[in-house]
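Structure file work-v5.cif (mmCIF, C-alpha atoms) follows.
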```cif
data_query
#
loop_
_atom_site.label_atom_id
_atom_site.label_comp_id
_atom_site.auth_asym_id
_atom_site.auth_seq_id
_atom_site.Cartn_x
_atom_site.Cartn_y
_atom_site.Cartn_z
CA MET A 1 -29.94 40.54 -44.85
CA GLY A 2 -26.85 42.04 -43.22
CA ALA A 3 -26.56 43.39 -39.69
CA ARG A 4 -26.81 47.16 -40.13
CA GLY A 5 -30.13 48.65 -39.12
CA THR A 6 -31.35 45.43 -37.47
CA ALA A 7 -31.65 44.13 -33.91
CA PHE A 8 -31.40 40.70 -32.38
CA ALA A 9 -33.02 39.78 -29.04
CA SER A 10 -31.81 36.65 -27.27
CA ASP A 11 -33.28 34.81 -24.33
CA PHE A 12 -30.68 34.17 -21.62
CA ASP A 13 -31.06 30.86 -19.76
CA GLY A 14 -30.97 27.82 -22.01
CA THR A 15 -30.32 30.01 -25.05
CA LEU A 16 -27.27 32.26 -24.74
CA CYS A 17 -26.22 30.91 -21.35
CA GLU A 18 -26.33 27.47 -19.79
CA SER A 19 -26.88 27.97 -16.07
CA ASP A 20 -26.54 25.53 -13.21
CA TRP A 21 -28.28 27.13 -10.24
CA GLU A 22 -27.05 24.43 -7.87
CA THR A 23 -23.35 25.02 -8.56
CA ARG A 24 -23.88 28.69 -9.50
CA THR A 25 -22.00 28.26 -12.76
CA GLN A 26 -22.94 30.00 -16.00
CA THR A 27 -21.42 29.14 -19.36
CA ILE A 28 -21.57 31.01 -22.66
CA LYS A 29 -20.17 29.37 -25.78
CA PRO A 30 -17.12 31.17 -27.25
CA ALA A 31 -18.61 30.80 -30.75
CA ASP A 32 -21.74 32.64 -29.63
CA VAL A 33 -19.66 35.42 -28.08
CA GLU A 34 -17.68 35.92 -31.29
CA ALA A 35 -20.84 35.89 -33.41
CA VAL A 36 -22.47 38.55 -31.20
CA ARG A 37 -19.35 40.73 -31.37
CA ARG A 38 -19.20 40.39 -35.15
CA TYR A 39 -22.89 41.27 -35.43
CA GLN A 40 -22.37 44.42 -33.37
CA ARG A 41 -19.23 45.39 -35.30
CA GLU A 42 -21.25 45.19 -38.50
CA GLY A 43 -23.85 47.60 -37.13
CA GLY A 44 -26.43 45.29 -35.55
CA LEU A 45 -27.95 45.90 -32.13
CA PHE A 46 -27.78 42.91 -29.81
CA GLY A 47 -29.81 42.55 -26.64
CA ILE A 48 -31.03 40.20 -23.93
CA CYS A 49 -34.71 39.31 -23.50
CA THR A 50 -35.21 37.43 -20.24
CA GLY A 51 -37.27 36.84 -17.14
CA ARG A 52 -34.20 37.60 -15.04
CA ALA A 53 -33.76 40.80 -13.07
CA PHE A 54 -31.34 43.30 -14.62
CA ASP A 55 -28.41 42.60 -12.28
CA SER A 56 -28.76 38.85 -12.73
CA ALA A 57 -28.60 39.22 -16.51
CA ALA A 58 -25.93 41.91 -16.74
CA GLU A 59 -23.34 40.63 -14.28
CA PRO A 60 -22.53 37.32 -16.07
CA LEU A 61 -21.92 39.24 -19.31
CA GLU A 62 -19.42 41.76 -17.91
CA GLY A 63 -16.25 41.71 -19.96
CA ILE A 64 -17.76 39.19 -22.38
CA ILE A 65 -20.64 40.83 -24.24
CA GLU A 66 -21.89 44.42 -24.02
CA PRO A 67 -25.58 44.33 -25.00
CA ASP A 68 -27.14 47.39 -26.59
CA PHE A 69 -30.39 46.72 -24.74
CA TYR A 70 -31.94 44.56 -22.07
CA ILE A 71 -35.56 43.45 -21.95
CA VAL A 72 -35.71 42.06 -18.43
CA THR A 73 -38.31 40.90 -15.90
CA THR A 74 -40.31 39.35 -18.77
CA GLY A 75 -40.76 42.70 -20.49
CA ALA A 76 -41.66 44.79 -17.44
CA GLN A 77 -38.32 46.61 -17.65
CA ILE A 78 -36.37 47.83 -20.68
CA TYR A 79 -32.83 49.17 -20.37
CA LEU A 80 -30.89 50.84 -23.20
CA LYS A 81 -27.11 51.09 -23.01
CA ASP A 82 -27.06 54.83 -23.73
CA GLN A 83 -30.29 55.86 -21.98
CA GLY A 84 -30.84 53.65 -18.96
CA PHE A 85 -34.32 52.38 -18.13
CA ILE A 86 -37.06 53.52 -20.50
CA LEU A 87 -39.66 51.21 -18.97
CA ASP A 88 -40.13 50.11 -15.36
CA ALA A 89 -43.69 48.80 -14.91
CA GLU A 90 -44.73 48.00 -11.34
CA ILE A 91 -47.15 45.39 -9.99
CA ASP A 92 -49.65 46.77 -7.51
CA ARG A 93 -48.40 45.80 -4.04
CA GLU A 94 -51.79 44.56 -2.89
CA VAL A 95 -52.00 42.28 -5.93
CA ALA A 96 -48.47 41.02 -5.28
CA ARG A 97 -49.37 40.37 -1.64
CA SER A 98 -52.52 38.46 -2.62
CA ILE A 99 -50.57 36.30 -5.07
CA ALA A 100 -48.00 35.57 -2.36
CA GLU A 101 -50.66 34.67 0.18
CA HIS A 102 -52.35 32.24 -2.19
CA PHE A 103 -49.42 30.45 -3.80
CA TYR A 104 -46.60 30.83 -1.24
CA ASP A 105 -48.44 30.67 2.06
CA ARG A 106 -51.17 28.18 1.08
CA GLU A 107 -49.62 26.06 -1.68
CA GLY A 108 -45.94 26.21 -0.79
CA ALA A 109 -44.56 27.53 -4.07
CA ARG A 110 -41.14 29.14 -3.91
CA LEU A 111 -41.51 32.89 -4.30
CA VAL A 112 -38.99 35.14 -6.04
CA VAL A 113 -39.55 38.88 -6.42
CA VAL A 114 -37.92 41.45 -8.70
CA SER A 115 -37.46 44.82 -7.02
CA GLY A 116 -35.38 47.49 -8.71
CA THR A 117 -32.58 45.66 -10.49
CA GLU A 118 -32.30 42.57 -8.27
CA PHE A 119 -33.93 39.27 -7.41
CA LEU A 120 -35.15 38.73 -3.86
CA THR A 121 -36.26 35.38 -2.51
CA VAL A 122 -39.01 35.13 0.08
CA GLY A 123 -37.80 32.69 2.72
CA ALA A 124 -34.82 30.39 2.37
CA SER A 125 -33.64 29.44 -1.13
CA ARG A 126 -30.91 27.40 -2.72
CA TYR A 127 -30.22 30.36 -5.00
CA SER A 128 -27.67 33.08 -4.29
CA MET A 129 -30.24 35.84 -3.77
CA ARG A 130 -30.92 38.25 -0.97
CA GLU A 131 -33.59 36.82 1.32
CA VAL A 132 -36.60 38.53 2.88
CA ALA A 133 -39.00 36.97 5.37
CA SER A 134 -42.14 38.08 3.54
CA ILE A 135 -43.23 40.13 0.55
CA ASP A 136 -44.04 42.97 2.95
CA GLU A 137 -40.30 43.33 3.61
CA VAL A 138 -39.62 44.25 -0.02
CA GLU A 139 -38.88 47.95 0.31
CA GLY A 140 -38.75 49.04 -3.32
CA PRO A 141 -41.27 48.75 -6.15
CA ILE A 142 -42.21 45.24 -7.25
CA THR A 143 -41.81 44.70 -10.98
CA GLY A 144 -42.01 40.92 -11.12
CA VAL A 145 -43.11 37.89 -9.10
CA SER A 146 -42.08 34.32 -9.93
CA LEU A 147 -43.67 31.17 -8.56
CA GLU A 148 -41.54 28.02 -8.61
CA PHE A 149 -43.04 24.56 -8.24
CA ASN A 150 -40.05 22.25 -7.71
CA GLY A 151 -40.09 20.70 -11.17
CA ASP A 152 -43.88 20.20 -11.27
CA ILE A 153 -44.84 21.42 -14.74
CA GLU A 154 -48.53 20.64 -14.27
CA ALA A 155 -48.68 22.66 -11.05
CA ALA A 156 -47.12 25.61 -12.86
CA ALA A 157 -49.65 25.31 -15.70
CA ARG A 158 -52.51 25.33 -13.20
CA ALA A 159 -51.03 28.31 -11.40
CA GLN A 160 -50.76 30.32 -14.61
CA VAL A 161 -54.43 29.76 -15.35
CA GLU A 162 -55.40 30.63 -11.77
CA VAL A 163 -53.34 33.83 -11.73
CA GLU A 164 -54.89 34.99 -14.98
CA ARG A 165 -58.41 34.07 -13.81
CA VAL A 166 -58.18 35.92 -10.51
CA PHE A 167 -55.76 38.75 -11.25
CA GLY A 168 -55.89 39.04 -15.05
CA ASP A 169 -56.99 42.68 -14.99
CA SER A 170 -53.78 43.62 -13.17
CA VAL A 171 -51.09 41.15 -14.22
CA TRP A 172 -50.06 38.78 -16.99
CA ALA A 173 -48.60 35.35 -16.21
CA PHE A 174 -46.18 33.29 -18.30
CA GLN A 175 -45.31 29.67 -17.66
CA ASN A 176 -41.66 28.66 -17.92
CA LEU A 177 -41.83 24.89 -17.50
CA SER A 178 -42.19 24.44 -13.70
CA SER A 179 -42.31 28.13 -12.83
CA VAL A 180 -44.60 31.07 -13.59
CA ASP A 181 -43.38 34.63 -14.21
CA ILE A 182 -45.88 37.37 -13.35
CA VAL A 183 -45.65 41.00 -14.48
CA CYS A 184 -47.85 44.06 -14.86
CA ALA A 185 -50.65 43.59 -17.41
CA GLY A 186 -49.56 44.78 -20.83
CA CYS A 187 -45.96 43.63 -20.41
CA SER A 188 -44.32 40.61 -22.03
CA LYS A 189 -41.18 39.66 -23.87
CA GLY A 190 -43.18 40.41 -27.01
CA THR A 191 -44.20 43.95 -26.06
CA GLY A 192 -40.61 44.62 -25.02
CA THR A 193 -39.32 43.37 -28.38
CA LYS A 194 -41.74 45.60 -30.29
CA ARG A 195 -40.79 48.60 -28.13
CA VAL A 196 -37.08 48.10 -28.78
CA LYS A 197 -37.66 47.88 -32.53
CA GLU A 198 -39.69 51.09 -32.42
CA VAL A 199 -37.24 53.03 -30.26
CA PHE A 200 -34.24 52.14 -32.42
CA GLY A 201 -36.14 52.40 -35.70
CA CYS A 202 -34.87 49.01 -36.84
CA SER A 203 -35.85 47.62 -40.21
CA SER A 204 -36.08 44.15 -38.67
CA ILE A 205 -35.69 42.46 -35.31
CA ALA A 206 -34.94 38.78 -34.75
CA GLY A 207 -35.58 36.78 -31.60
CA ILE A 208 -34.38 33.48 -30.20
CA GLY A 209 -35.65 31.48 -27.23
CA ASP A 210 -36.06 27.94 -26.00
CA SER A 211 -39.17 27.68 -23.82
CA TYR A 212 -42.85 28.55 -23.38
CA ASN A 213 -42.14 31.93 -21.84
CA ASP A 214 -40.35 32.88 -25.07
CA LEU A 215 -43.45 32.48 -27.23
CA ALA A 216 -44.31 36.18 -26.98
CA LEU A 217 -40.76 37.06 -28.06
CA LEU A 218 -40.84 34.71 -31.03
CA ARG A 219 -44.27 35.88 -32.16
CA ALA A 220 -43.26 39.55 -31.97
CA ALA A 221 -39.99 39.10 -33.86
CA ASP A 222 -39.78 39.55 -37.63
CA VAL A 223 -37.59 36.45 -37.75
CA ALA A 224 -37.85 33.89 -34.96
CA TYR A 225 -35.43 31.13 -33.98
CA THR A 226 -35.56 28.26 -31.53
CA PHE A 227 -33.76 24.98 -30.95
CA HIS A 228 -34.34 21.40 -32.04
CA LYS A 229 -34.64 20.55 -28.34
CA ALA A 230 -37.43 23.09 -27.73
CA PRO A 231 -41.04 22.04 -27.00
CA VAL A 232 -43.18 21.45 -30.07
CA GLU A 233 -45.31 24.55 -29.44
CA VAL A 234 -42.20 26.70 -29.31
CA GLN A 235 -40.85 25.17 -32.52
CA ALA A 236 -44.16 25.98 -34.22
CA ALA A 237 -43.69 29.68 -33.41
CA ALA A 238 -40.24 29.86 -35.02
CA ASN A 239 -39.19 30.50 -38.60
CA ALA A 240 -36.12 28.29 -38.25
CA MET A 241 -34.55 25.86 -35.81
CA VAL A 242 -30.87 26.10 -34.93
CA ASP A 243 -28.34 24.66 -32.52
CA SER A 244 -26.85 27.92 -31.24
CA VAL A 245 -27.14 31.70 -31.12
CA ALA A 246 -24.18 31.86 -33.51
CA GLU A 247 -26.05 29.75 -36.07
CA ALA A 248 -29.12 31.97 -35.74
CA LEU A 249 -27.07 35.14 -36.24
CA ALA A 250 -25.38 33.63 -39.30
CA HIS A 251 -28.77 32.76 -40.79
CA PHE A 252 -30.24 36.19 -39.97
CA CYS A 253 -27.31 38.11 -41.46
CA GLY A 254 -26.59 35.81 -44.39
CA TRP A 255 -23.02 35.10 -43.32
#
```

Produce structure tokens that represent the structure in this file.
Amino acid sequence: MGARGTAFASDFDGTLCESDWETRTQTIKPADVEAVRRYQREGGLFGICTGRAFDSAAEPLEGIIEPDFYIVTTGAQIYLKDQGFILDAEIDREVARSIAEHFYDREGARLVVVSGTEFLTVGASRYSMREVASIDEVEGPITGVSLEFNGDIEAAARAQVEVERVFGDSVWAFQNLSSVDIVCAGCSKGTGTKRVKEVFGCSSIAGIGDSYNDLALLRAADVAYTFHKAPVEVQAAANAMVDSVAEALAHFCGW
């Protein structure tokens, strides 16, 4: 196909980057870095499509990869290298407070909030994030809320259903194994992918991801990639399975 006139959207954790939140280490394969740079040199637009806040996605890539776009906060925010943010969709604060009261106060889920370009954690966390005592202490707009269930995948699945049942008119919820990412209704990795393709006028956009919360990305992409290790449902949404971002780029471009 060639790179010129196309775009490629990559999930971050478990796809482009292997992250260890306990040791705070993040590793990107040199072969993937070189493949991304080659793709961009040949005229392709490379970007990140993640549930992370902007700062959390951009900082590990400094001096390594310079993305042309970021779809962050599960599609609630879109950032273009030459234009800044073109989308910044907020969750109603009363809805965010109600979600926090139900799942954090009553059920003990860990609560992480995206405000502006950063992650905030409500209460103490093992993560290196700024802490607030409650969601009411978040001063800026709330663009994302994540519920984390300590490795309990079934609890996360139940929470996704409950969020959509009670708050579905206001927010969309996406399970990511044992966590649930919540954003303003109408936003997803898929809507972000379609918006990027439209804004850049690309002939084709590819996507790669490894988990359930990447399904919207894979379904929106013209060509979708995932890994042999991915869940069966995620594999079913892909056009091809690969072992790395570099392999996916080579397939997409016909290298």

Evaluate the PyMOL selection byres ((chain A and resi 79-94) around 10) and record the selected residues as a VMD selection string, following the chain and residue labels used in the document. chain A and resid 47 to 48 54 66 to 73 75 to 78 95 to 100 114 to 116 135 to 136 138 141 to 145 170 to 171 182 to 187 192 195 to 196 199 to 200

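Of note, CA of Ala3 in chain A and CA of Gln26 in chain A are spaced 27.5 Å apart.
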
Name the residues that the PyMOL selection byres ((chain A and resi 219) around 10) pulls out of this structure, and write them as a JSON list (two decimals) with C-alpha atoms, in the frame of the given file.
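Result file is expr-v8.json:
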```json
[["chain", "number", "residue", "atom", "x", "y", "z"],
["A", 189, "LYS", "CA", -41.18, 39.66, -23.87],
["A", 190, "GLY", "CA", -43.18, 40.41, -27.01],
["A", 193, "THR", "CA", -39.32, 43.37, -28.38],
["A", 207, "GLY", "CA", -35.58, 36.78, -31.60],
["A", 214, "ASP", "CA", -40.35, 32.88, -25.07],
["A", 215, "LEU", "CA", -43.45, 32.48, -27.23],
["A", 216, "ALA", "CA", -44.31, 36.18, -26.98],
["A", 217, "LEU", "CA", -40.76, 37.06, -28.06],
["A", 218, "LEU", "CA", -40.84, 34.71, -31.03],
["A", 220, "ALA", "CA", -43.26, 39.55, -31.97],
["A", 221, "ALA", "CA", -39.99, 39.10, -33.86],
["A", 222, "ASP", "CA", -39.78, 39.55, -37.63],
["A", 223, "VAL", "CA", -37.59, 36.45, -37.75],
["A", 224, "ALA", "CA", -37.85, 33.89, -34.96],
["A", 234, "VAL", "CA", -42.20, 26.70, -29.31],
["A", 237, "ALA", "CA", -43.69, 29.68, -33.41],
["A", 238, "ALA", "CA", -40.24, 29.86, -35.02],
["A", 239, "ASN", "CA", -39.19, 30.50, -38.60]]
```

List the neighbours of Thr50 in chain A out to 6 Å using all atoms listed in the file; skip same-chain residues closer than 6 positions along the sequence, and give me the result as a list in words. Asp11, Phe12, Val72 and Thr74 of chain A

For the file shown, what are the residues hit by the PyMOL selection byres ((chain A and resi 120) around 8), laid out as a PyMOL selection string? chain A and resi 112-115+118-119+121-122+129-132

Give me a file of those residues, with C-alpha atoms, as a PDB file, keeping the file's coordinate frame.
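This is the output file result.pdb:
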```
ATOM      1  CA  VAL A 112     -38.990  35.140  -6.040  1.00  0.00           C
ATOM      2  CA  VAL A 113     -39.550  38.880  -6.420  1.00  0.00           C
ATOM      3  CA  VAL A 114     -37.920  41.450  -8.700  1.00  0.00           C
ATOM      4  CA  SER A 115     -37.460  44.820  -7.020  1.00  0.00           C
ATOM      5  CA  GLU A 118     -32.300  42.570  -8.270  1.00  0.00           C
ATOM      6  CA  PHE A 119     -33.930  39.270  -7.410  1.00  0.00           C
ATOM      7  CA  THR A 121     -36.260  35.380  -2.510  1.00  0.00           C
ATOM      8  CA  VAL A 122     -39.010  35.130   0.080  1.00  0.00           C
ATOM      9  CA  MET A 129     -30.240  35.840  -3.770  1.00  0.00           C
ATOM     10  CA  ARG A 130     -30.920  38.250  -0.970  1.00  0.00           C
ATOM     11  CA  GLU A 131     -33.590  36.820   1.320  1.00  0.00           C
ATOM     12  CA  VAL A 132     -36.600  38.530   2.880  1.00  0.00           C
TER      13      VAL A 132
END
```

May I have the protein, DNA and RNA residues with an atom at most 12 Å from (-20.6, 37.0, -32.8), counting only C-alpha atoms in the file's coordinates, returned as number ranges by chain? A: 3, 8, 16, 28-46, 64-67, 244-250, 253, 255

Enter the distance from CA of Val232 in chain A to CA of Asp210 in chain A, in Å, rounded to one decimal.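 Separating CA of Val232 in chain A from CA of Asp210 in chain A is a distance of 10.5 Å.
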
Wanna dump the range 178-254 of chain A-range 147-152 of chain A contacts at 7 Å for me, each residue with its shortest atom pair and the distance in Å to one decimal, counting only C-alpha atoms, ordered by chain and number, as CSV?
```
residue,atom,partner,partner_atom,distance
A:Ser178,CA,A:Gly151,CA,5.0
A:Ser179,CA,A:Glu148,CA,4.3
A:Val180,CA,A:Leu147,CA,5.1
A:Asp181,CA,A:Leu147,CA,6.6
```

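Compared by their closest atoms to Ala7 in chain A, and using only C-alpha atoms, the residues A:Asn176, A:Pro231, A:Glu59, A:Cys49 rank with A:Cys49 nearest.
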
CA of His228 in chain A and CA of Ser19 in chain A are how many Å apart?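 We find that CA of His228 in chain A and CA of Ser19 in chain A lie 18.8 Å from each other.
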
For Val163 in chain A, find every residue with an atom within 10 Å (counting only C-alpha atoms), except residues of its own chain fewer than 2 positions away, and show them as a VMD selection string. chain A and resid 99 102 to 103 158 to 161 165 to 168 170 to 174 180 182
